[in-house]
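Below is the file query13.cif, which contains mmCIF, C-alpha atoms and all ligand atoms.
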```cif
data_protein
loop_
_atom_site.label_atom_id
_atom_site.label_comp_id
_atom_site.auth_asym_id
_atom_site.auth_seq_id
_atom_site.Cartn_x
_atom_site.Cartn_y
_atom_site.Cartn_z
CA MET H 407 -6.65 -6.27 -25.73
CA ALA H 408 -10.21 -6.03 -24.55
CA ARG H 409 -11.15 -3.73 -21.74
CA PHE H 410 -11.06 -5.43 -18.36
CA ARG H 411 -14.29 -7.33 -17.91
CA PRO H 412 -15.53 -7.64 -14.33
CA ALA H 413 -15.98 -11.38 -14.95
CA ASP H 414 -12.19 -11.74 -15.49
CA PHE H 415 -11.35 -10.03 -12.23
CA PRO H 416 -9.09 -10.63 -10.42
CA PRO H 417 -6.54 -11.85 -12.99
CA TYR H 418 -4.86 -14.44 -10.77
CA HIS H 419 -2.50 -15.53 -13.56
CA LEU H 420 -0.49 -12.35 -12.92
CA LEU H 421 0.76 -13.95 -9.71
CA ASP H 422 1.76 -17.23 -11.30
CA GLY H 423 5.50 -17.70 -10.69
CA ASP H 424 6.50 -18.69 -14.24
CA TYR H 425 4.31 -16.04 -15.80
CA THR H 426 5.66 -13.18 -13.71
CA ALA H 427 9.31 -14.17 -14.16
CA ALA H 428 9.06 -14.53 -17.96
CA GLU H 429 6.81 -11.52 -18.51
CA ARG H 430 8.67 -9.20 -16.18
CA GLU H 431 11.99 -9.97 -17.81
CA ALA H 432 10.54 -9.19 -21.25
CA LYS H 433 8.72 -6.07 -20.02
CA ARG H 434 11.41 -4.65 -17.76
CA LYS H 435 12.08 -1.67 -20.05
CA LEU H 436 8.39 -0.84 -20.23
CA GLU H 437 8.14 -0.88 -16.46
CA ARG H 438 11.22 1.35 -16.27
CA LEU H 439 9.29 4.08 -18.13
CA TYR H 440 6.95 4.26 -15.15
CA HIS H 441 9.83 4.56 -12.68
CA HIS H 442 11.49 7.24 -14.81
CA THR H 443 8.22 9.16 -14.80
CA ARG H 444 8.34 9.29 -11.03
CA ASP H 445 12.09 10.06 -10.84
CA LYS H 446 12.06 12.79 -13.47
CA ALA H 447 8.77 14.51 -12.59
CA TRP H 448 9.05 18.30 -12.54
CA ASP H 449 6.80 20.93 -11.04
CA GLY H 450 5.06 22.85 -13.84
CA ARG H 451 4.10 25.79 -11.62
CA GLU H 452 7.70 26.15 -10.44
CA VAL H 453 9.32 25.77 -13.89
CA LEU H 454 6.93 28.21 -15.58
CA GLY H 455 6.88 30.65 -12.62
CA GLU H 456 10.67 30.88 -12.48
CA ALA H 457 10.99 31.30 -16.26
CA LEU H 458 8.38 34.09 -16.25
CA GLU H 459 10.19 35.84 -13.41
CA ARG H 460 13.62 35.48 -15.02
CA HIS H 461 12.45 37.02 -18.30
CA GLY H 462 10.13 39.66 -16.81
CA GLY H 463 7.01 37.98 -18.23
CA ILE H 464 6.29 37.48 -21.92
CA GLN H 465 7.70 40.35 -23.94
CA LEU H 466 6.24 40.13 -27.45
CA PRO H 467 4.20 42.26 -29.85
CA ASP H 468 0.53 41.24 -30.13
CA HIS H 469 0.79 39.64 -33.59
CA LYS H 470 3.45 37.24 -32.33
CA ARG H 471 1.41 36.41 -29.22
CA GLU H 472 -1.52 35.55 -31.48
CA ALA H 473 0.65 33.37 -33.71
CA ILE H 474 2.02 31.51 -30.67
CA ALA H 475 -1.53 31.06 -29.33
CA ARG H 476 -2.77 29.60 -32.65
CA ILE H 477 0.14 27.17 -32.92
CA PHE H 478 0.33 26.20 -29.26
CA SER H 479 -3.41 25.64 -28.93
CA ILE H 480 -2.50 22.51 -30.95
CA ILE H 481 -0.17 21.50 -28.12
CA LEU H 482 -2.68 22.47 -25.40
CA TRP H 483 -5.51 20.32 -26.78
CA GLY H 484 -3.06 17.64 -27.89
CA GLU H 485 -1.93 17.38 -24.24
CA LEU H 486 -5.52 17.00 -23.07
CA ALA H 487 -6.15 14.30 -25.69
CA ALA H 488 -2.90 12.54 -24.72
CA TRP H 489 -3.94 12.69 -21.05
CA HIS H 490 -7.23 10.94 -21.91
CA ILE H 491 -5.49 8.37 -24.12
CA GLY H 492 -2.90 7.59 -21.42
CA ALA H 493 -5.71 7.04 -18.89
CA GLU H 494 -7.69 4.93 -21.40
CA LEU H 495 -4.66 2.76 -22.17
CA ALA H 496 -4.00 2.25 -18.46
CA HIS H 497 -7.47 0.71 -18.49
CA MET H 498 -7.36 -1.09 -21.85
CA LEU H 499 -3.88 -2.66 -21.93
CA ASP H 500 -3.53 -6.12 -20.40
CA ASP H 501 0.09 -6.23 -19.19
CA PRO H 502 0.76 -4.61 -15.82
CA GLU H 503 4.06 -3.16 -17.15
CA ALA H 504 2.28 -1.50 -20.10
CA LYS H 505 -0.43 -0.26 -17.73
CA MET H 506 2.29 1.24 -15.51
CA ALA H 507 3.87 3.07 -18.47
CA ALA H 508 0.44 4.39 -19.59
CA THR H 509 -0.36 5.51 -16.03
CA GLY H 510 2.94 7.40 -15.95
CA GLN H 511 2.01 9.03 -19.24
CA ALA H 512 -1.37 10.19 -17.90
CA PHE H 513 0.46 11.74 -14.91
CA ASP H 514 2.86 13.59 -17.28
CA GLU H 515 0.16 14.78 -19.66
CA ALA H 516 -1.93 16.26 -16.83
CA ARG H 517 1.10 18.41 -15.91
CA HIS H 518 1.73 19.30 -19.56
CA PHE H 519 -1.86 20.41 -20.08
CA ALA H 520 -1.94 22.52 -16.91
CA THR H 521 1.46 24.14 -17.61
CA MET H 522 0.64 24.90 -21.25
CA ARG H 523 -2.74 26.35 -20.23
CA ASP H 524 -1.00 28.64 -17.69
CA TYR H 525 1.54 29.70 -20.32
CA LEU H 526 -1.13 30.51 -22.92
CA LEU H 527 -3.16 32.46 -20.35
CA ALA H 528 0.02 34.39 -19.45
CA LEU H 529 0.09 35.65 -23.08
CA GLY H 530 -2.68 38.00 -21.90
CA LEU H 531 -4.83 37.73 -25.02
CA PRO H 532 -8.54 38.54 -24.63
CA ASN H 533 -9.48 35.15 -26.16
CA LEU H 534 -7.52 32.06 -27.04
CA PRO H 535 -8.16 30.91 -30.62
CA PRO H 536 -9.99 27.65 -31.29
CA LEU H 537 -8.06 24.61 -32.45
CA GLU H 538 -6.92 24.38 -36.09
CA PRO H 539 -9.62 22.20 -37.77
CA PHE H 540 -7.41 19.51 -39.35
CA THR H 541 -5.65 18.95 -36.02
CA ARG H 542 -8.98 18.78 -34.26
CA GLU H 543 -10.12 16.02 -36.64
CA ILE H 544 -6.96 13.99 -35.96
CA LEU H 545 -7.37 14.28 -32.18
CA ARG H 546 -11.07 13.40 -32.37
CA ASP H 547 -10.27 10.33 -34.48
CA VAL H 548 -7.73 9.09 -31.95
CA LEU H 549 -10.05 9.76 -29.01
CA GLU H 550 -13.05 8.11 -30.67
CA ALA H 551 -11.15 5.03 -31.91
CA GLU H 552 -12.13 1.72 -30.33
CA SER H 553 -8.91 0.09 -31.51
CA VAL H 554 -5.85 0.16 -29.23
CA ALA H 555 -3.63 0.01 -32.34
CA VAL H 556 -5.19 3.22 -33.74
CA LYS H 557 -4.82 4.95 -30.38
CA VAL H 558 -1.15 3.98 -29.99
CA VAL H 559 -0.10 4.62 -33.60
CA GLY H 560 -2.15 7.85 -33.73
CA MET H 561 -1.06 9.29 -30.40
CA HIS H 562 2.33 7.74 -29.60
CA LEU H 563 3.85 7.58 -33.07
CA LEU H 564 2.15 10.42 -34.99
CA VAL H 565 0.84 13.13 -32.64
CA GLU H 566 3.71 12.86 -30.14
CA ASN H 567 6.09 13.05 -33.09
CA VAL H 568 4.54 16.36 -34.25
CA ALA H 569 4.84 17.72 -30.70
CA LEU H 570 8.49 16.63 -30.38
CA THR H 571 9.40 18.24 -33.71
CA LEU H 572 7.66 21.50 -32.78
CA PHE H 573 9.24 21.60 -29.31
CA GLN H 574 12.70 21.17 -30.81
CA LEU H 575 12.24 23.82 -33.50
CA VAL H 576 10.83 26.40 -31.07
CA ALA H 577 13.48 25.66 -28.43
CA GLU H 578 16.24 25.97 -31.08
CA GLY H 579 14.93 29.25 -32.46
CA GLU H 580 14.26 32.60 -30.85
CA THR H 581 10.50 32.47 -30.66
CA GLU H 582 10.04 33.51 -27.05
CA PRO H 583 12.48 32.88 -24.18
CA VAL H 584 9.95 31.61 -21.59
CA LEU H 585 8.59 29.08 -24.08
CA SER H 586 12.11 28.05 -25.15
CA GLU H 587 12.92 27.43 -21.50
CA ILE H 588 9.90 25.29 -20.59
CA LEU H 589 9.64 23.16 -23.76
CA PRO H 590 12.69 20.96 -23.11
CA PHE H 591 10.91 19.73 -19.96
CA PHE H 592 7.96 18.65 -22.10
CA GLU H 593 10.25 17.15 -24.72
CA ARG H 594 11.97 14.80 -22.26
CA ASP H 595 8.63 13.42 -21.11
CA GLU H 596 7.27 13.04 -24.64
CA ALA H 597 10.29 10.95 -25.59
CA ARG H 598 9.21 8.46 -22.88
CA HIS H 599 5.70 8.37 -24.32
CA VAL H 600 7.04 7.58 -27.79
CA GLY H 601 9.03 4.83 -25.99
CA LEU H 602 5.79 3.27 -24.76
CA GLY H 603 4.52 3.12 -28.36
CA VAL H 604 7.80 1.77 -29.72
CA MET H 605 8.12 -0.95 -27.08
CA HIS H 606 4.54 -2.14 -26.86
CA LEU H 607 3.25 -1.68 -30.41
CA PRO H 608 4.88 -4.81 -31.91
CA GLU H 609 2.83 -6.94 -29.52
CA ILE H 610 -0.37 -5.03 -30.35
CA LEU H 611 0.25 -5.31 -34.11
CA LYS H 612 0.80 -9.07 -33.88
CA LYS H 613 -2.81 -9.47 -32.83
CA ILE H 614 -4.64 -7.29 -35.38
CA SER H 615 -6.48 -8.72 -38.40
CA TRP H 616 -5.51 -7.94 -42.01
CA LEU H 617 -8.60 -5.77 -42.35
CA ASP H 618 -7.72 -3.78 -39.23
CA ALA H 619 -4.15 -3.50 -40.52
CA LEU H 620 -5.46 -1.96 -43.74
CA ARG H 621 -7.72 0.41 -41.81
CA LEU H 622 -4.76 1.39 -39.65
CA GLN H 623 -2.64 2.16 -42.72
CA ALA H 624 -5.43 4.28 -44.24
CA PHE H 625 -5.66 6.15 -40.93
CA GLN H 626 -1.92 6.94 -41.05
CA VAL H 627 -2.20 8.30 -44.60
CA LYS H 628 -5.14 10.47 -43.47
CA VAL H 629 -3.23 11.81 -40.44
CA THR H 630 -0.11 12.64 -42.49
CA THR H 631 -2.28 14.40 -45.11
CA PHE H 632 -4.14 16.35 -42.42
CA ILE H 633 -0.87 17.36 -40.74
CA THR H 634 0.30 18.73 -44.11
CA TRP H 635 -2.94 20.69 -44.65
CA GLY H 636 -2.90 21.97 -41.06
CA THR H 637 0.69 23.16 -41.46
CA LEU H 638 -0.29 24.90 -44.70
CA ASN H 639 -3.13 26.63 -42.82
CA LEU H 640 -0.74 27.88 -40.15
CA ARG H 641 2.31 28.51 -42.34
CA LYS H 642 2.29 32.30 -41.85
CA ASP H 643 2.08 31.86 -38.09
CA PHE H 644 5.08 29.52 -38.20
CA HIS H 645 7.05 32.14 -40.11
CA ARG H 646 5.96 34.82 -37.62
CA ILE H 647 7.43 32.91 -34.69
CA GLY H 648 10.62 32.05 -36.59
CA VAL H 649 9.87 28.37 -37.24
CA ASP H 650 10.55 27.16 -40.78
CA PRO H 651 7.62 24.95 -41.91
CA HIS H 652 9.91 23.26 -44.48
CA GLU H 653 12.27 22.13 -41.70
CA GLY H 654 9.28 21.16 -39.54
CA MET H 655 7.66 18.95 -42.20
CA THR H 656 10.97 17.44 -43.35
CA ARG H 657 12.17 16.68 -39.83
CA GLY H 658 8.71 15.42 -38.77
CA LEU H 659 8.51 12.95 -41.68
CA ARG H 660 12.05 11.75 -41.04
CA TYR H 661 11.33 11.20 -37.34
CA GLN H 662 8.13 9.37 -38.28
CA GLN H 663 9.99 6.88 -40.46
CA ASP H 664 12.77 6.58 -37.83
CA VAL H 665 10.28 5.66 -35.16
CA TYR H 666 8.54 3.17 -37.48
CA GLY H 667 11.97 1.65 -38.07
CA ARG H 668 12.44 1.20 -34.34
CA VAL H 669 9.02 -0.49 -33.99
CA ASP H 670 9.56 -2.73 -36.98
CA PRO H 671 13.19 -2.76 -38.18
CA GLU H 672 12.62 -5.65 -40.59
CA HIS H 673 9.41 -4.31 -42.18
CA LYS H 674 7.52 -7.39 -41.03
CA SER H 675 4.71 -5.85 -38.96
CA ARG H 676 1.42 -5.35 -40.69
CA GLY H 677 -0.40 -2.11 -40.01
CA LEU H 678 2.48 0.37 -40.28
CA TYR H 679 2.40 2.48 -43.41
CA ARG H 680 5.87 2.51 -44.99
CA PRO H 681 5.82 4.40 -48.29
CA SER H 682 7.75 2.89 -51.21
CA SER H 683 10.82 4.86 -52.28
CA PHE H 684 8.76 6.31 -55.16
CA LEU H 685 6.03 7.55 -52.78
CA ALA H 686 8.56 8.78 -50.19
CA ASP H 687 10.27 10.77 -52.94
CA LEU H 688 6.93 12.18 -54.08
CA GLN H 689 6.10 13.11 -50.49
CA SER H 690 9.36 14.98 -50.01
CA LYS H 691 8.91 16.77 -53.39
CA THR H 692 5.39 17.81 -52.33
CA VAL H 693 6.80 19.21 -49.08
CA GLY H 694 9.45 21.08 -51.09
CA VAL H 695 6.75 22.64 -53.31
CA LEU H 696 4.25 23.52 -50.56
CA PHE H 697 6.87 24.63 -48.05
CA PRO H 698 9.92 25.99 -49.90
CA PRO H 699 13.11 26.00 -47.78
CA LYS H 700 13.81 29.21 -45.87
CA GLY H 701 15.58 31.82 -48.00
CA GLU H 702 14.92 29.99 -51.30
CA GLU H 703 13.92 32.29 -54.15
CA ILE H 704 10.65 31.09 -55.66
CA SER H 705 9.09 32.01 -58.98
CA LYS H 706 5.77 33.81 -59.36
CA TRP H 707 3.98 30.66 -60.53
CA HIS H 708 5.32 28.75 -57.54
CA SER H 709 4.15 31.44 -55.14
CA GLY H 710 0.76 31.45 -56.93
CA LEU H 711 0.51 27.67 -56.58
CA ILE H 712 1.14 27.89 -52.82
CA SER H 713 -1.58 30.55 -52.55
CA VAL H 714 -4.03 28.32 -54.46
CA MET H 715 -3.18 25.33 -52.24
CA GLY H 716 -3.50 27.57 -49.19
CA GLY H 717 -6.95 28.62 -50.43
CA MET H 718 -7.89 24.96 -50.85
CA ALA H 719 -6.69 24.21 -47.31
CA LYS H 720 -8.81 27.11 -46.11
CA ALA H 721 -11.88 25.91 -48.02
CA THR H 722 -11.43 22.35 -46.78
CA ALA H 723 -10.97 23.66 -43.24
CA PHE H 724 -14.32 25.45 -43.59
CA ALA H 725 -15.92 22.21 -44.80
CA VAL H 726 -14.35 20.14 -42.02
CA ASN H 727 -15.41 22.80 -39.55
CA ARG H 728 -18.99 22.94 -40.78
CA VAL H 729 -19.54 19.22 -41.06
CA SER H 730 -18.17 18.09 -37.75
CA SER H 731 -17.91 21.03 -35.39
CA ASP H 732 -20.12 21.20 -32.40
CA GLY H 733 -17.78 23.71 -30.78
CA PRO H 734 -16.97 27.29 -31.67
CA GLY H 735 -14.66 26.38 -34.59
CA LEU H 736 -12.41 28.85 -36.30
CA SER H 737 -13.85 32.29 -36.75
CA GLU H 738 -13.73 33.92 -40.17
CA PRO H 739 -11.00 36.47 -39.26
CA VAL H 740 -8.81 33.78 -37.66
CA LEU H 741 -9.10 31.53 -40.72
CA GLU H 742 -8.42 34.38 -43.08
CA GLU H 743 -5.38 35.35 -41.08
CA ALA H 744 -4.13 31.77 -40.94
CA ALA H 745 -4.66 30.94 -44.60
CA ALA H 746 -4.00 34.32 -46.25
FE FE L 801 2.55 15.81 -23.35
FE FE L 802 2.98 12.77 -24.49
#
```
For the structure just supplied, provide its representation as structure tokens.
Amino acid sequence: MARFRPADFPPYHLLDGDYTAAEREAKRKLERLYHHTRDKAWDGREVLGEALERHGGIQLPDHKREAIARIFSIILWGELAAWHIGAELAHMLDDPEAKMAATGQAFDEARHFATMRDYLLALGLPNLPPLEPFTREILRDVLEAESVAVKVVGMHLLVENVALTLFQLVAEGETEPVLSEILPFFERDEARHVGLGVMHLPEILKKISWLDALRLQAFQVKVTTFITWGTLNLRKDFHRIGVDPHEGMTRGLRYQQDVYGRVDPEHKSRGLYRPSSFLADLQSKTVGVLFPPKGEEISKWHSGLISVMGGMAKATAFAVNRVSSDGPGLSEPVLEEAAA
């Protein structure tokens, strides 16, 4: 799992007859991800250009454009982070088949970043908003991690899962027709990237120590908590673009546990955080309180509680922003708008 050391180069064992036959048979599916990347590659300029032409550009009032920009800046910077992680994993993973899958991912993510950047610029806003602070912390953690396990769990199981959920909800709704048209292209590629995590993670987890497994579990709890706070920060923007945060959180958590089940169906791997039924129930009740289902009548105290929690998310976002930002961070008006 170490980075390639020049002293180990070239790795002649990769040409050993027995090794290649046994390994390649076991890793055939992983290698297939690389070939699918090549076969299913699409041209971002063409897909976005044709969608813009078909719909006569982006036809939306300014407040909706701003809401889309705030939410999809998460995707934009998430794509850049995923591009870096894919390239890092192509370097860090040992197996050629896993390296091939990671190389394919880096190729996809470069296209995703460029296409999303072109889409956000086509919104025609004078400035694109900075990244939501909780999301920024998650992406920085994954980028800064030395551990391959943290990178794969963080990016391939957690961040990709958020992106997939958001793509589906926006494509299903009536947010904006150009966006609804381009997102399924992203979604297909992201499913392959989750596949890399699902297929290769069991082998990575076999090799981590108990201490690293505990650290990895704590990291997953932190990411899930930060996703919840970030969603609370942006809840009004989600409503503005017709995405129900209740459905987003509920579906996202379900997908997360589904994907963990595919990595480790028998609950034997250390390092994956699987809440007990009591904690899972508490988690879903918390989601129900913070993000009431669309159309549900809520009492005054409940609405007041959400406002208080929203204020806490805002205050924590300020703290996170102040402590660790060396970039522009969220401006006061943007934060007020997002957390009001
Ligand atoms: Fe992507
Ligand atoms: Fe991805």
Report, in Å to a single decimal, how far apart atom CA of Ala516 of chain H and atom CA of Leu486 of chain H are. 7.2 Å
Go through chain H residue by residue and, counting only C-alpha atoms and all ligand atoms, keep those with an atom at most 10 Å from ligand FE 802 (chain L); for each kept residue give the shortest atom pair and its distance in Å to one decimal, ordered by chain and increasing number, as a tab-separated table.
```
residue	atom	partner	partner_atom	distance
H:Ile481	CA	L:FE802	FE	10.0
H:Gly484	CA	L:FE802	FE	8.5
H:Glu485	CA	L:FE802	FE	6.7
H:Leu486	CA	L:FE802	FE	9.6
H:Ala487	CA	L:FE802	FE	9.3
H:Ala488	CA	L:FE802	FE	5.9
H:Trp489	CA	L:FE802	FE	7.7
H:Ile491	CA	L:FE802	FE	9.6
H:Gly492	CA	L:FE802	FE	8.4
H:Gln511	CA	L:FE802	FE	6.5
H:Ala512	CA	L:FE802	FE	8.3
H:Phe513	CA	L:FE802	FE	10.0
H:Asp514	CA	L:FE802	FE	7.3
H:Glu515	CA	L:FE802	FE	5.9
H:Ala516	CA	L:FE802	FE	9.7
H:His518	CA	L:FE802	FE	8.3
H:Met561	CA	L:FE802	FE	8.0
H:His562	CA	L:FE802	FE	7.2
H:Val565	CA	L:FE802	FE	8.4
H:Glu566	CA	L:FE802	FE	5.7
H:Asn567	CA	L:FE802	FE	9.1
H:Ala569	CA	L:FE802	FE	8.2
H:Leu570	CA	L:FE802	FE	8.9
H:Phe592	CA	L:FE802	FE	8.1
H:Glu593	CA	L:FE802	FE	8.5
H:Arg594	CA	L:FE802	FE	9.5
H:Asp595	CA	L:FE802	FE	6.6
H:Glu596	CA	L:FE802	FE	4.3
H:Ala597	CA	L:FE802	FE	7.6
H:Arg598	CA	L:FE802	FE	7.7
H:His599	CA	L:FE802	FE	5.2
H:Val600	CA	L:FE802	FE	7.4
H:Leu602	CA	L:FE802	FE	9.9
```
Quick one: everything within 10 Å of segment 670-672 of chain H, counting all atoms listed in the file, minus sequence neighbours fewer than 5 positions away in the same chain. Send it as an NGL selection string. :H and (604 or 607-608 or 664-665 or 678)
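Separating atom CA of His673 of chain H from atom CA of Phe632 of chain H is a distance of 24.7 Å.
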Which residues come within 9 Å of Ala528 of chain H, counting all atoms listed in the file, excluding same-chain residues fewer than 4 positions away, as number ranges by chain? H: 458, 463-464, 523-524
Using all atoms listed in the file: which of H:Ser713, H:Thr541, H:Thr571, H:Thr581 has the shortest distance to Arg657 of chain H: H:Thr571
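Using only C-alpha atoms, the smallest distance between any of H:Glu538, H:Glu552, H:Asp424, H:Asp501 and Leu436 of chain H comes from H:Asp501.
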